[in-house]
Structures are given as C-alpha cells and as structure tokens.
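Below: run.cif (mmCIF, C-alpha atoms)
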```cif
data_entry
loop_
_atom_site.label_atom_id
_atom_site.label_comp_id
_atom_site.auth_asym_id
_atom_site.auth_seq_id
_atom_site.Cartn_x
_atom_site.Cartn_y
_atom_site.Cartn_z
CA MET A 1 16.64 23.24 -14.21
CA LYS A 2 19.60 20.89 -14.66
CA ARG A 3 19.79 20.38 -10.86
CA GLN A 4 16.12 19.49 -10.74
CA PHE A 5 16.54 16.73 -13.32
CA ILE A 6 19.57 15.42 -11.43
CA PHE A 7 17.50 15.25 -8.25
CA ILE A 8 14.64 13.44 -10.00
CA GLY A 9 17.19 11.04 -11.50
CA LEU A 10 18.72 10.38 -8.10
CA LEU A 11 15.35 9.58 -6.56
CA LEU A 12 14.63 7.21 -9.43
CA VAL A 13 17.97 5.44 -8.99
CA ILE A 14 17.38 5.06 -5.24
CA SER A 15 13.97 3.58 -5.99
CA LEU A 16 15.35 1.09 -8.49
CA LEU A 17 18.23 0.08 -6.23
CA SER A 18 15.84 -0.61 -3.42
CA ALA A 19 14.35 -3.50 -5.39
CA CYS A 20 16.60 -6.36 -4.45
CA GLU A 21 16.97 -9.49 -6.52
CA GLN A 22 14.35 -12.18 -6.10
CA GLU A 23 14.99 -15.79 -5.21
CA GLU A 24 15.39 -18.39 -7.94
CA LEU A 25 13.19 -21.47 -7.95
CA SER A 26 14.09 -24.84 -9.39
CA PRO A 27 12.21 -25.47 -12.64
CA ARG A 28 9.00 -27.45 -12.53
CA THR A 29 8.87 -30.18 -15.19
CA ASN A 30 5.52 -31.92 -14.71
CA PRO A 31 2.41 -31.15 -16.80
CA ARG A 32 -0.55 -29.34 -15.24
CA PHE A 33 -4.17 -29.97 -16.11
CA SER A 34 -7.62 -29.42 -14.68
CA ALA A 35 -9.72 -31.67 -12.51
CA THR A 36 -12.05 -33.88 -14.51
CA SER A 37 -15.35 -32.45 -15.64
CA ILE A 38 -18.30 -34.62 -16.61
CA GLN A 39 -19.01 -33.65 -20.22
CA SER A 40 -22.06 -35.90 -20.54
CA ILE A 41 -23.72 -38.55 -18.49
CA ASP A 42 -26.55 -40.82 -19.66
CA GLU A 43 -27.52 -44.46 -19.90
CA THR A 44 -24.90 -45.10 -22.54
CA GLY A 45 -22.08 -44.02 -20.22
CA VAL A 46 -20.10 -41.04 -18.88
CA GLU A 47 -17.81 -38.76 -20.84
CA PHE A 48 -14.90 -37.17 -18.97
CA ILE A 49 -12.92 -34.13 -20.04
CA SER A 50 -9.80 -32.38 -18.75
CA LYS A 51 -8.05 -29.24 -19.94
CA ILE A 52 -4.26 -28.96 -20.16
CA TYR A 53 -2.82 -25.81 -18.57
CA ASP A 54 0.81 -26.61 -19.20
CA PHE A 55 2.48 -29.59 -20.87
CA GLY A 56 5.63 -29.32 -18.74
CA SER A 57 9.02 -30.25 -20.11
CA GLU A 58 8.91 -34.05 -19.84
CA GLU A 59 7.91 -36.40 -22.62
CA ILE A 60 4.25 -37.43 -22.30
CA ILE A 61 3.71 -41.12 -22.90
CA GLU A 62 0.10 -41.75 -21.93
CA TYR A 63 -2.97 -39.85 -20.78
CA GLY A 64 -6.47 -40.70 -19.64
CA PHE A 65 -8.76 -41.14 -16.66
CA LEU A 66 -8.94 -43.41 -13.62
CA TYR A 67 -12.32 -44.07 -12.03
CA SER A 68 -13.11 -46.00 -8.93
CA LEU A 69 -15.53 -46.49 -6.03
CA ASN A 70 -12.55 -45.49 -3.88
CA ASP A 71 -12.51 -41.76 -3.18
CA TYR A 72 -8.85 -41.51 -4.05
CA PRO A 73 -8.39 -43.29 -7.38
CA ILE A 74 -4.88 -44.57 -8.14
CA ILE A 75 -3.73 -47.04 -10.73
CA GLU A 76 -3.92 -49.97 -8.29
CA ASN A 77 -7.58 -49.47 -7.26
CA SER A 78 -9.20 -48.11 -10.39
CA GLU A 79 -10.45 -48.80 -13.87
CA VAL A 80 -8.39 -47.09 -16.53
CA ILE A 81 -9.33 -45.48 -19.80
CA SER A 82 -6.35 -44.01 -21.63
CA LYS A 83 -4.59 -43.23 -24.88
CA VAL A 84 -0.94 -43.38 -25.81
CA GLY A 85 0.98 -40.27 -26.84
CA LYS A 86 0.57 -36.56 -26.17
CA PRO A 87 -2.94 -35.06 -25.88
CA GLU A 88 -4.31 -31.90 -27.49
CA ASN A 89 -5.01 -28.85 -25.30
CA GLN A 90 -7.87 -30.79 -23.78
CA PHE A 91 -8.75 -34.46 -23.83
CA SER A 92 -11.99 -36.33 -23.36
CA MET A 93 -12.93 -40.00 -23.18
CA LYS A 94 -16.17 -41.90 -22.73
CA VAL A 95 -16.67 -44.85 -20.36
CA GLU A 96 -19.33 -47.30 -21.50
CA ASN A 97 -20.74 -50.46 -19.94
CA SER A 98 -18.28 -50.75 -17.06
CA LEU A 99 -20.05 -48.73 -14.38
CA ALA A 100 -22.32 -50.29 -11.75
CA LYS A 101 -25.66 -48.53 -11.79
CA GLY A 102 -26.37 -45.79 -9.20
CA GLN A 103 -22.97 -45.94 -7.47
CA ASN A 104 -20.82 -43.08 -6.17
CA TYR A 105 -17.71 -43.02 -8.31
CA TYR A 106 -14.63 -40.87 -8.23
CA VAL A 107 -12.57 -39.91 -11.24
CA VAL A 108 -9.16 -38.35 -11.83
CA ALA A 109 -7.42 -37.34 -15.01
CA PHE A 110 -3.84 -38.55 -15.33
CA ILE A 111 -0.80 -38.06 -17.51
CA GLN A 112 2.11 -40.47 -17.52
CA THR A 113 5.42 -38.85 -18.44
CA SER A 114 8.81 -40.45 -18.91
CA THR A 115 9.56 -40.04 -15.19
CA GLU A 116 6.32 -39.65 -13.25
CA ARG A 117 2.57 -40.04 -13.17
CA VAL A 118 0.53 -36.89 -12.58
CA TYR A 119 -3.02 -37.00 -11.17
CA SER A 120 -5.67 -34.31 -11.03
CA GLU A 121 -7.94 -33.73 -8.06
CA PRO A 122 -10.61 -36.44 -7.64
CA ILE A 123 -14.19 -35.54 -8.55
CA GLY A 124 -17.24 -37.54 -7.52
CA PHE A 125 -20.23 -38.51 -9.64
CA VAL A 126 -23.13 -40.93 -9.50
CA SER A 127 -23.20 -43.49 -12.29
CA PRO A 128 -26.36 -43.56 -14.48
CA MET B 1 5.69 46.17 15.87
CA SER B 2 6.56 42.56 16.43
CA TYR B 3 9.76 40.62 16.79
CA LYS B 4 9.92 36.87 17.37
CA ASN B 5 6.37 36.74 18.69
CA ARG B 6 6.95 39.72 21.01
CA TYR B 7 4.89 42.82 20.39
CA PHE B 8 5.76 46.47 20.96
CA ILE B 9 3.88 49.71 20.86
CA GLU B 10 5.68 52.96 20.09
CA ASN B 11 5.13 56.10 22.04
CA GLU B 12 6.67 59.36 20.85
CA ASP B 13 9.65 58.77 23.11
CA TYR B 14 9.93 55.07 23.79
CA PHE B 15 8.77 51.53 23.03
CA LEU B 16 6.57 49.58 25.38
CA GLN B 17 6.51 45.83 25.23
CA LEU B 18 3.02 44.39 25.26
CA ASP B 19 3.19 41.55 27.67
CA LYS B 20 1.22 39.44 30.05
CA VAL B 21 2.52 38.00 33.29
CA ASP B 22 1.51 34.75 34.87
CA GLU B 23 2.60 34.60 38.48
CA ALA B 24 2.02 32.46 41.55
CA ARG B 25 2.10 34.11 44.99
CA ASP B 26 1.82 32.89 48.53
CA VAL B 27 -0.93 34.84 50.27
CA ASP B 28 -1.35 33.87 53.91
CA GLY B 29 -0.24 30.34 53.15
CA ASN B 30 -2.49 30.00 50.08
CA LEU B 31 -1.01 29.65 46.62
CA VAL B 32 -2.65 32.25 44.42
CA ARG B 33 -2.11 32.13 40.68
CA ALA B 34 -2.63 35.41 38.91
CA ARG B 35 -2.61 36.32 35.24
CA ASP B 36 -1.80 39.94 34.72
CA ARG B 37 -2.74 41.07 31.23
CA GLU B 38 -0.44 44.04 31.45
CA TYR B 39 -0.73 44.77 27.73
CA MET B 40 -4.42 45.63 28.05
CA GLY B 41 -3.50 48.49 30.36
CA PHE B 42 -0.89 49.78 27.93
CA LEU B 43 -3.35 49.56 25.05
CA SER B 44 -6.05 51.39 27.00
CA TYR B 45 -3.59 54.12 27.89
CA MET B 46 -2.02 54.50 24.45
CA LEU B 47 -5.26 54.35 22.52
CA TYR B 48 -7.07 56.74 24.80
CA GLY B 49 -9.19 59.33 22.99
CA PRO B 50 -12.69 60.05 21.70
CA CYS B 51 -13.05 56.43 20.66
CA GLY B 52 -12.02 55.14 24.06
CA ASP B 53 -15.42 53.71 24.89
CA VAL B 54 -15.63 51.74 21.67
CA LEU B 55 -12.10 50.53 22.06
CA GLN B 56 -12.42 49.43 25.68
CA LYS B 57 -14.75 46.65 24.70
CA LYS B 58 -12.42 45.53 21.93
CA ILE B 59 -9.29 45.75 24.08
CA SER B 60 -10.86 43.64 26.80
CA THR B 61 -11.22 40.77 24.31
CA THR B 62 -7.94 41.29 22.50
CA SER B 63 -5.49 38.43 22.87
CA LEU B 64 -1.78 38.87 22.42
CA SER B 65 -1.62 37.81 18.79
CA GLU B 66 -0.68 39.52 15.58
CA GLN B 67 -4.11 39.37 13.99
CA GLU B 68 -5.92 40.49 17.16
CA LEU B 69 -3.62 43.45 17.70
CA ILE B 70 -3.88 44.52 14.06
CA SER B 71 -7.66 44.33 14.29
CA THR B 72 -7.71 46.51 17.44
CA PHE B 73 -5.41 49.13 15.94
CA LYS B 74 -7.48 49.22 12.76
CA ILE B 75 -10.55 50.08 14.83
CA TYR B 76 -8.60 52.81 16.57
CA TYR B 77 -7.24 54.43 13.39
CA GLU B 78 -10.53 54.16 11.54
CA CYS B 79 -12.52 55.56 14.46
CA GLU B 80 -10.05 58.43 14.94
CA GLN B 81 -9.88 58.88 11.14
CA ILE B 82 -6.10 58.76 11.24
CA PRO B 83 -4.47 57.52 8.03
CA TYR B 84 -2.46 54.37 8.60
CA GLU B 85 -0.37 51.88 6.72
CA LEU B 86 -0.26 48.19 7.45
CA ASN B 87 3.33 47.01 7.10
CA VAL B 88 2.66 43.42 8.03
CA LYS B 89 2.84 41.12 5.04
CA ASN B 90 -0.63 39.86 4.33
CA LEU B 91 0.39 36.20 4.25
CA PRO B 92 -2.36 33.63 4.03
CA PHE B 93 -2.72 31.34 7.02
CA VAL B 94 -1.71 28.40 4.88
CA ARG B 95 -1.38 27.53 1.21
CA ALA B 96 -3.52 24.63 0.02
CA SER B 97 -2.59 22.92 -3.24
CA LEU B 98 -3.84 19.94 -5.16
CA VAL B 99 -1.20 17.49 -6.30
CA ALA B 100 -2.05 15.11 -9.13
CA GLY B 101 0.65 12.52 -9.60
CA THR B 102 1.72 9.19 -10.94
CA GLY B 103 4.47 6.84 -9.93
CA ILE B 104 5.76 3.39 -9.47
CA SER B 105 6.31 1.30 -6.39
CA LEU B 106 8.66 -1.61 -5.83
CA THR B 107 8.09 -4.23 -3.18
CA GLN B 108 10.57 -6.36 -1.28
CA SER B 109 9.33 -8.87 1.26
CA ASN B 110 10.76 -10.80 4.17
CA LEU B 111 9.47 -13.53 6.46
CA THR B 112 7.96 -12.47 9.77
CA LYS B 113 9.51 -13.83 12.95
CA ASP B 114 6.39 -15.75 13.95
CA SER B 115 6.26 -17.75 10.71
CA PHE B 116 7.40 -21.38 10.70
CA ASP B 117 9.49 -21.61 7.57
CA GLU B 118 10.43 -19.60 4.58
CA ILE B 119 8.51 -20.68 1.51
CA PRO B 120 10.72 -19.59 -1.40
CA HIS B 121 8.58 -17.66 -3.84
CA VAL B 122 8.91 -15.29 -6.75
CA PHE B 123 6.51 -12.70 -8.09
CA ASP B 124 6.54 -12.12 -11.85
CA THR B 125 6.81 -8.43 -11.21
CA GLN B 126 7.60 -6.33 -8.16
CA TYR B 127 6.62 -3.09 -9.88
CA ASN B 128 3.24 -1.49 -9.38
CA PRO B 129 2.26 1.71 -11.17
CA PHE B 130 -0.13 4.03 -9.39
CA ILE B 131 -1.98 7.29 -9.82
CA SER B 132 -2.66 9.69 -6.99
CA LEU B 133 -4.54 12.82 -6.12
CA GLY B 134 -3.64 14.68 -2.97
CA VAL B 135 -3.84 17.86 -0.98
CA LYS B 136 -0.74 19.64 0.24
CA LEU B 137 -0.95 22.25 2.96
CA ASP B 138 2.28 24.20 3.15
CA GLN B 139 3.65 27.67 3.80
CA TRP B 140 1.96 27.85 7.19
CA ARG B 141 2.29 31.39 8.44
CA ARG B 142 3.33 30.27 11.90
CA LEU B 143 5.23 27.10 10.92
CA PRO B 144 6.77 27.82 7.54
CA ARG B 145 9.07 24.79 7.67
CA PHE B 146 6.24 22.32 8.10
CA SER B 147 3.76 21.00 5.62
CA PHE B 148 1.01 18.43 5.72
CA ASP B 149 -0.20 16.26 2.93
CA THR B 150 -2.75 13.58 2.35
CA GLY B 151 -4.57 12.12 -0.61
CA ILE B 152 -5.64 8.94 -2.27
CA ALA B 153 -3.82 6.68 -4.69
CA TYR B 154 -5.00 3.73 -6.71
CA THR B 155 -3.08 0.84 -8.15
CA LYS B 156 -4.16 -2.29 -9.99
CA LYS B 157 -1.84 -4.93 -11.36
CA ASN B 158 -2.03 -8.48 -12.69
CA ASN B 159 0.70 -10.63 -11.24
CA VAL B 160 1.81 -14.23 -10.84
CA ILE B 161 3.43 -15.85 -7.84
CA ASN B 162 5.43 -19.08 -8.10
CA MET B 163 6.70 -20.98 -5.08
CA GLU B 164 8.24 -24.23 -3.98
CA LEU B 165 8.74 -26.12 -0.76
CA PHE B 166 10.92 -29.16 -0.14
CA LYS B 167 10.25 -31.76 2.53
CA PRO B 168 11.82 -35.18 2.93
CA ASN B 169 10.78 -37.19 -0.16
CA GLN B 170 8.27 -34.50 -1.09
CA ARG B 171 8.26 -31.38 -3.17
CA TYR B 172 5.52 -28.81 -3.38
CA SER B 173 5.31 -26.22 -6.10
CA ALA B 174 2.48 -23.81 -6.74
CA THR B 175 1.42 -21.01 -9.02
CA GLU B 176 -1.25 -18.39 -8.54
CA GLU B 177 -2.30 -15.80 -11.09
CA PHE B 178 -4.09 -12.88 -9.53
CA SER B 179 -5.15 -9.31 -9.91
CA ARG B 180 -4.56 -7.03 -6.97
CA SER B 181 -5.99 -3.58 -6.57
CA SER B 182 -5.25 -1.22 -3.71
CA LEU B 183 -6.56 2.07 -2.45
CA ILE B 184 -3.84 3.95 -0.63
CA VAL B 185 -4.30 6.91 1.70
CA PRO B 186 -1.02 8.50 2.85
CA ILE B 187 -0.99 11.03 5.70
CA PHE B 188 2.30 12.89 6.17
CA ILE B 189 3.86 15.72 8.13
CA ASN B 190 6.91 17.12 6.38
CA TYR B 191 9.83 19.20 7.54
CA LEU B 192 11.48 21.56 5.09
CA PHE B 193 15.24 21.14 5.58
CA TYR B 194 16.66 23.01 2.63
CA ARG B 195 15.40 25.74 0.36
CA THR B 196 16.91 27.28 -2.72
CA LYS B 197 15.52 30.26 -4.56
CA LYS B 198 13.01 28.11 -6.39
CA ASN B 199 12.93 24.69 -4.78
CA GLU B 200 12.19 23.23 -1.39
CA PHE B 201 13.54 19.91 -0.11
CA TYR B 202 11.69 18.17 2.68
CA LEU B 203 11.58 15.03 4.79
CA GLY B 204 8.28 13.54 5.78
CA ALA B 205 7.02 11.01 8.27
CA GLY B 206 3.58 9.58 8.55
CA THR B 207 1.34 6.68 7.95
CA VAL B 208 -0.17 4.94 4.96
CA ILE B 209 -3.55 3.24 5.02
CA ARG B 210 -3.96 0.53 2.38
CA THR B 211 -6.95 -1.54 1.43
CA ASN B 212 -6.28 -4.50 -0.83
CA THR B 213 -8.60 -6.48 -3.05
CA LEU B 214 -7.26 -9.72 -4.46
CA GLU B 215 -8.92 -11.56 -7.30
CA SER B 216 -7.48 -14.99 -7.89
CA LYS B 217 -7.65 -15.99 -11.56
CA PHE B 218 -5.89 -19.31 -11.47
CA SER B 219 -4.18 -21.34 -8.82
CA ILE B 220 -2.65 -24.79 -8.75
CA ILE B 221 -0.48 -26.82 -6.40
CA ASP B 222 1.77 -29.72 -7.48
CA TYR B 223 2.47 -32.17 -4.68
CA LYS B 224 5.22 -34.55 -5.75
CA ILE B 225 6.30 -37.71 -3.95
CA THR B 226 9.89 -38.13 -5.01
CA TYR B 227 10.47 -41.80 -4.19
CA GLU B 228 9.58 -44.49 -6.76
CA PRO B 229 7.06 -44.60 -8.29
CA VAL B 230 7.21 -40.81 -8.59
CA THR B 231 3.72 -39.31 -8.54
CA VAL B 232 2.38 -35.79 -8.63
CA ARG B 233 -1.01 -34.77 -7.24
CA LEU B 234 -2.51 -31.56 -8.57
CA SER B 235 -4.98 -29.45 -6.64
CA GLU B 236 -6.52 -26.15 -7.66
CA GLU B 237 -6.38 -24.19 -4.43
CA SER B 238 -5.50 -20.61 -3.62
CA VAL B 239 -2.18 -20.17 -1.83
CA LEU B 240 -1.91 -16.40 -1.49
CA THR B 241 -3.85 -14.04 0.76
CA TYR B 242 -3.33 -10.30 1.10
CA SER B 243 -4.41 -8.44 4.21
CA SER B 244 -7.56 -6.52 3.41
CA ALA B 245 -6.50 -3.35 5.25
CA LYS B 246 -3.23 -2.17 6.77
CA LEU B 247 -1.94 0.88 8.57
CA SER B 248 1.80 1.26 8.06
CA PRO B 249 4.54 3.69 9.04
CA ALA B 250 6.29 5.51 6.22
CA ILE B 251 8.95 8.11 5.55
CA LYS B 252 9.70 10.16 2.49
CA LEU B 253 12.12 12.53 0.87
CA GLY B 254 10.63 15.09 -1.47
CA VAL B 255 11.25 18.18 -3.48
CA ASN B 256 8.79 20.90 -4.28
CA PHE B 257 10.03 22.48 -7.49
CA LEU B 258 9.05 26.11 -8.08
CA PHE B 259 7.53 26.20 -4.60
CA ASN B 260 6.88 29.93 -4.72
CA GLN B 261 4.94 29.79 -7.99
CA LYS B 262 1.25 29.13 -8.39
CA TYR B 263 1.99 25.85 -10.20
CA GLY B 264 4.89 23.54 -9.53
CA ILE B 265 6.18 20.01 -9.64
CA VAL B 266 6.40 17.69 -6.67
CA SER B 267 8.70 14.70 -6.67
CA GLU B 268 8.87 12.20 -3.81
CA PHE B 269 10.65 9.01 -2.84
CA GLN B 270 8.81 7.08 -0.15
CA LEU B 271 9.55 4.02 1.98
CA GLU B 272 6.74 2.16 3.67
CA HIS B 273 6.93 -0.85 5.94
CA ILE B 274 3.88 -3.11 5.86
CA SER B 275 3.78 -5.83 8.48
CA LYS B 276 2.16 -9.14 7.53
CA GLU B 277 1.10 -7.82 4.16
CA TYR B 278 0.52 -11.25 2.67
CA THR B 279 0.30 -14.89 3.66
CA ILE B 280 1.38 -18.00 1.79
CA ASP B 281 -0.53 -21.12 2.67
CA LEU B 282 1.13 -24.27 1.33
CA SER B 283 1.17 -27.81 2.69
CA THR B 284 -0.51 -26.88 5.98
CA ARG B 285 2.18 -24.25 6.56
CA GLN B 286 1.29 -20.62 6.83
CA SER B 287 4.06 -18.12 6.33
CA TYR B 288 3.54 -14.41 6.81
CA TYR B 289 5.54 -11.78 4.98
CA ASN B 290 6.35 -8.17 5.73
CA SER B 291 6.86 -5.83 2.83
CA LEU B 292 9.07 -2.85 2.27
CA VAL B 293 7.54 -0.71 -0.43
CA ALA B 294 9.70 1.90 -2.14
CA SER B 295 7.72 4.35 -4.23
CA TYR B 296 8.67 7.14 -6.55
CA MET B 297 6.05 9.74 -7.42
CA ILE B 298 6.07 12.77 -9.63
CA GLY B 299 3.14 15.12 -9.61
CA PHE B 300 1.88 18.52 -10.60
CA ARG B 301 0.96 20.96 -7.89
CA LEU B 302 -2.06 23.02 -8.87
#
```
Spit out the file's structure as structure tokens when you get a sec.
Amino acid sequence: MKRQFIFIGLLLVISLLSACEQEELSPRTNPRFSATSIQSIDETGVEFISKIYDFGSEEIIEYGFLYSLNDYPIIENSEVISKVGKPENQFSMKVENSLAKGQNYYVVAFIQTSTERVYSEPIGFVSP
Amino acid sequence: MSYKNRYFIENEDYFLQLDKVDEARDVDGNLVRARDREYMGFLSYMLYGPCGDVLQKKISTTSLSEQELISTFKIYYECEQIPYELNVKNLPFVRASLVAGTGISLTQSNLTKDSFDEIPHVFDTQYNPFISLGVKLDQWRRLPRFSFDTGIAYTKKNNVINMELFKPNQRYSATEEFSRSSLIVPIFINYLFYRTKKNEFYLGAGTVIRTNTLESKFSIIDYKITYEPVTVRLSEESVLTYSSAKLSPAIKLGVNFLFNQKYGIVSEFQLEHISKEYTIDLSTRQSYYNSLVASYMIGFRL
C-alpha cells in the first residue's frame, strides 16, 4: 500500500511541476469605470450616470462628464460638467439648459487623476 | 490442446497439429492459390463414430480458433456421451469497468507560429478541477497487455485574464472575467508495461475531444497614450475567445491498483496538446495560443 501512495504522490508532483510560472505584468494605475448611461431624460435636461469598477492607485482630482455634438468628445470640443475630488462607487450629474433641442449628442464620463485623464466609451443620445 | 495459437489433437500414440495451408502453385502457367484446411480432415478422422454425420456439418464450419474447436469437441463428447473436462480457463472476452473519477488539470500556453506578436497575459488561475465518468475495457483475452478507455469529463471554472501590450507611445491593458465550461471526451488505447501482484502500470495514447463554452462576465480595455497630455480611453470589449471544439493528441501514464479485484483504484497523469485553444484580440492584433494541459485524475473502478 505504501508503494501505491508513493506512486500517486509522484504523479501529483509531476502534475504540479508541469505548471510553469506565469508572466508578470506591470501594474495598471488608472481608474476604470463604465460607459455613461442616461439615467433620465426630459424637458428639464439629461441626467448621466457612470459606475466605478476600480479606483486605480492614482489620486483622483476631478470627475464628471463631457458632452458634445462631436462623436468623440474630448475636453477641447465639449461642454463639461464635473465635480472636484473622489467620487462614490457611482456618480451622476444632470445637464440643464445647455443642450440644443433635438440634436444628436455624445457623452463620455471622465476622471482626472494626478497624472492622466481617463475617458469612458462615447454614448450617443438625442437631446429633448 | 493449444500452445501459442497452435492447436493439437492427441491420438493414443501421437499428437497431430491442426493446421491449414495456404499455397500458390503454377499450373500450366496459371497461378493457382489454394487453401487447404488440413485440420478439417484430421478432425473428421479423429472424431469418427456414430455421431459422424452430425459432426460433419459442424466440422465443415469450424474455424481454427479456440472457441470453435471447443464447441466442436463439446458436440462430439456430448453426442458420444463420453465424460469430459474442459481445462481451458473460462476467461471472459474482455472485462468492462466503470471508472468514476475526479482530478485537476493545469494549463500552460505558448504563442502559435502564425501569430504576429506575443501579448503578455496572465490568468488568475491555471488550475481546473474536473469530474469524470468513463468505461475501461481491459484484460482482453487475446490482447491482455492492451486496454481501451473512454468517457466524459466536465469542468467549469470562473477565471480572470489580465494582459498588456506596449507600442510606441501607447500602452494597452485589458481584463476579462469569464466562466468557462468544457465537456471532455478522452479516447485512449493503453499498453500495460509492468505488472505487480496487485497493480498494473500502463502507458496510453489517444485523443481528447473538447467542447468549450465561454461566458464573458466583464471585459474592459485601457488604451493609454503616454505622451503629454496622458489620456486613457476605456472600452468594454471582449478580448478572449476559446475554440468551441478541439480534437487533440494526448498521452498518459496510469496505474490500475488492485487490478485483479472486482473494485479498484485508477490513477492517471495525462498530457494533452491543444493547438490554437484560445485567441487574444487586442489593438487589432490577434494572437493564437496553444495549450499544454497536464491532468491528474484519481478514480474508482467499479
């Protein structure tokens, strides 16, 4: 019986040895968050919301949304609605009175950290 | 009597070998192939008696095999009412056993030659537990060193893959959380190379059929431009694809503990090579990966 256990042990060791070490990746530091969802849309305005998946390791300075008639909103071509500091697990903001009626807009959520600006995927909507 | 697949019949004075002769002769320039079933003549002569008529029919259809010869002699002894004793071990044609097992498999991957570039990536875990139910056919009467086994195994595991890719002034990183389930059908022929009083050790070669189902639960890509101002674009896209079905070569080393008992334990170490098992799709690059799967299984033979 002792031999049998030795054989089982040997097979187990061979199996474990066959798993080589994996590669190491450099750490990711930026936050991750969802694309913007439209929480509500009516004649008073549009409310955007985004969910944080991971805050990353950098200091978060500002967060908010960029919206634009351009299909790829960036800070230079967009209106900005933002808050200073670090958000909760999700953040939402409402845009009022600054949208042209019946236009195709695009919106992205953004987070500004101490070293970089992070944008979500753009999402389109039609203004009320 | 038989010895190494040769059969003999004993007269009172001597032994006659039961044989058949295949010969080719040249008859007037024509090649004539003849099969002389010499043994039928010997049987007819030796088993001559009151039951000759009954036996003639049987002898004319008797092939030169152990079971056929035993059957013919049984008819003779029973018809002549001569007591007889069968000294041939009544071995079954084959032993069929069920093997219910569990185990763990470990996967190591490498880039295929036709891929563009390595995309460095890490799985949270390389271990996959599995359960299996199989059939083992061993102790073949004619081929006692060979066995055949097949079955079905199931594995399901949640896992996470992280990856990164550097380009000039750009860095991609991505994460995908997924659940992968696989149905695995191994088909093996094994050769028994060593046997102790209670245990058998065997080597096997065969093929493994796998079907994979991948359910992506979360996936995100970070595309970073590293010159000033540094920006990161996020996109929620899947980056990992598993082949839906694969047929792969495999080998194994196994031991059949208590092989001569009704119940036993089977333990196996298996290596399987899966070509292009999964694909990583990042930044318009597709990289294919082969996998080497090492599995350890322990099961009960019923």
What's the separation between CA of Asn256 in chain B and CA of Tyr127 in chain B, in Å to one decimal place?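 Separation between CA of Asn256 in chain B and CA of Tyr127 in chain B: 24.7 Å.
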Write out as a list in words the residues lying within 12 Å of range 100-102 of chain A, counting only C-alpha atoms and excluding same-chain residues fewer than 6 positions away.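 Near range 100-102 of chain A, the qualifying residues are Asp42, Glu43, Thr44, Gly45, Val46, Tyr67, Ser68, Leu69, Phe125, Val126, Ser127 and Pro128 of chain A.
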Which value, in Å to one decimal, gives the distance between CA of Pro249 in chain B and CA of Glu23 in chain A?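 CA of Pro249 in chain B sits 26.3 Å away from CA of Glu23 in chain A.
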Which distance in Å separates CA of Tyr154 in chain B and CA of Ser132 in chain B, to one decimal?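 Rounded to one decimal, the two atoms are 6.4 Å apart.
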Mind running chain B against chain A at 7 Å and telling me each contacting residue's nearest atom pair with the distance in Å (one decimal), counting all atoms listed in the file, chain and number ascending, as a tab-separated table?
```
residue	atom	partner	partner_atom	distance
B:Leu106	CA	A:Ala19	CA	6.0
B:Thr107	CA	A:Ala19	CA	6.7
B:Gln108	CA	A:Ala19	CA	6.3
B:Pro120	CA	A:Glu23	CA	6.9
B:His121	CA	A:Glu23	CA	6.8
B:Val122	CA	A:Glu23	CA	6.3
B:Glu164	CA	A:Leu25	CA	6.9
B:Val230	CA	A:Glu116	CA	4.9
B:Thr231	CA	A:Arg117	CA	4.8
B:Val232	CA	A:Val118	CA	4.5
B:Arg233	CA	A:Tyr119	CA	4.9
B:Leu234	CA	A:Ser120	CA	4.9
B:Ser235	CA	A:Glu121	CA	5.4
B:Ser267	CA	A:Ile8	CA	6.9
B:Phe269	CA	A:Leu11	CA	6.0
B:Ala294	CA	A:Ser15	CA	6.0
B:Ser295	CA	A:Ser15	CA	6.5
B:Tyr296	CA	A:Ser15	CA	6.4
```
Find the spatial neighbours of range 74-90 of chain A, counting all atoms listed in the file, within a cut-off of 6 Å - ignore same-chain residues fewer than 4 positions away - and output them as number ranges by chain. A: 50-52, 60-68
Write range 176-187 of chain B as a JSON list (two decimals), in the frame of the given file, completed to N, CA and C atoms.
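And here is the file that came out, part07.json:
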```json
[["chain", "number", "residue", "atom", "x", "y", "z"],
["B", 176, "GLU", "N", 0.04, -19.08, -8.61],
["B", 176, "GLU", "CA", -1.25, -18.39, -8.54],
["B", 176, "GLU", "C", -1.18, -17.13, -9.40],
["B", 177, "GLU", "N", -2.17, -17.02, -10.28],
["B", 177, "GLU", "CA", -2.30, -15.80, -11.09],
["B", 177, "GLU", "C", -3.39, -14.97, -10.44],
["B", 178, "PHE", "N", -3.12, -13.70, -10.25],
["B", 178, "PHE", "CA", -4.09, -12.88, -9.53],
["B", 178, "PHE", "C", -4.05, -11.43, -10.00],
["B", 179, "SER", "N", -5.10, -10.75, -9.65],
["B", 179, "SER", "CA", -5.15, -9.31, -9.91],
["B", 179, "SER", "C", -5.34, -8.64, -8.55],
["B", 180, "ARG", "N", -4.48, -7.70, -8.28],
["B", 180, "ARG", "CA", -4.56, -7.03, -6.97],
["B", 180, "ARG", "C", -4.79, -5.54, -7.18],
["B", 181, "SER", "N", -5.78, -5.03, -6.51],
["B", 181, "SER", "CA", -5.99, -3.58, -6.57],
["B", 181, "SER", "C", -5.94, -3.02, -5.15],
["B", 182, "SER", "N", -5.41, -1.83, -5.04],
["B", 182, "SER", "CA", -5.25, -1.22, -3.71],
["B", 182, "SER", "C", -5.66, 0.25, -3.75],
["B", 183, "LEU", "N", -6.31, 0.64, -2.69],
["B", 183, "LEU", "CA", -6.56, 2.07, -2.45],
["B", 183, "LEU", "C", -5.61, 2.48, -1.34],
["B", 184, "ILE", "N", -4.90, 3.55, -1.56],
["B", 184, "ILE", "CA", -3.84, 3.95, -0.63],
["B", 184, "ILE", "C", -4.09, 5.38, -0.17],
["B", 185, "VAL", "N", -4.10, 5.55, 1.13],
["B", 185, "VAL", "CA", -4.30, 6.91, 1.70],
["B", 185, "VAL", "C", -3.07, 7.25, 2.55],
["B", 186, "PRO", "N", -2.18, 8.09, 2.04],
["B", 186, "PRO", "CA", -1.02, 8.50, 2.85],
["B", 186, "PRO", "C", -1.35, 9.76, 3.67],
["B", 187, "ILE", "N", -0.83, 9.82, 4.85],
["B", 187, "ILE", "CA", -0.99, 11.03, 5.70],
["B", 187, "ILE", "C", 0.41, 11.38, 6.22]]
```
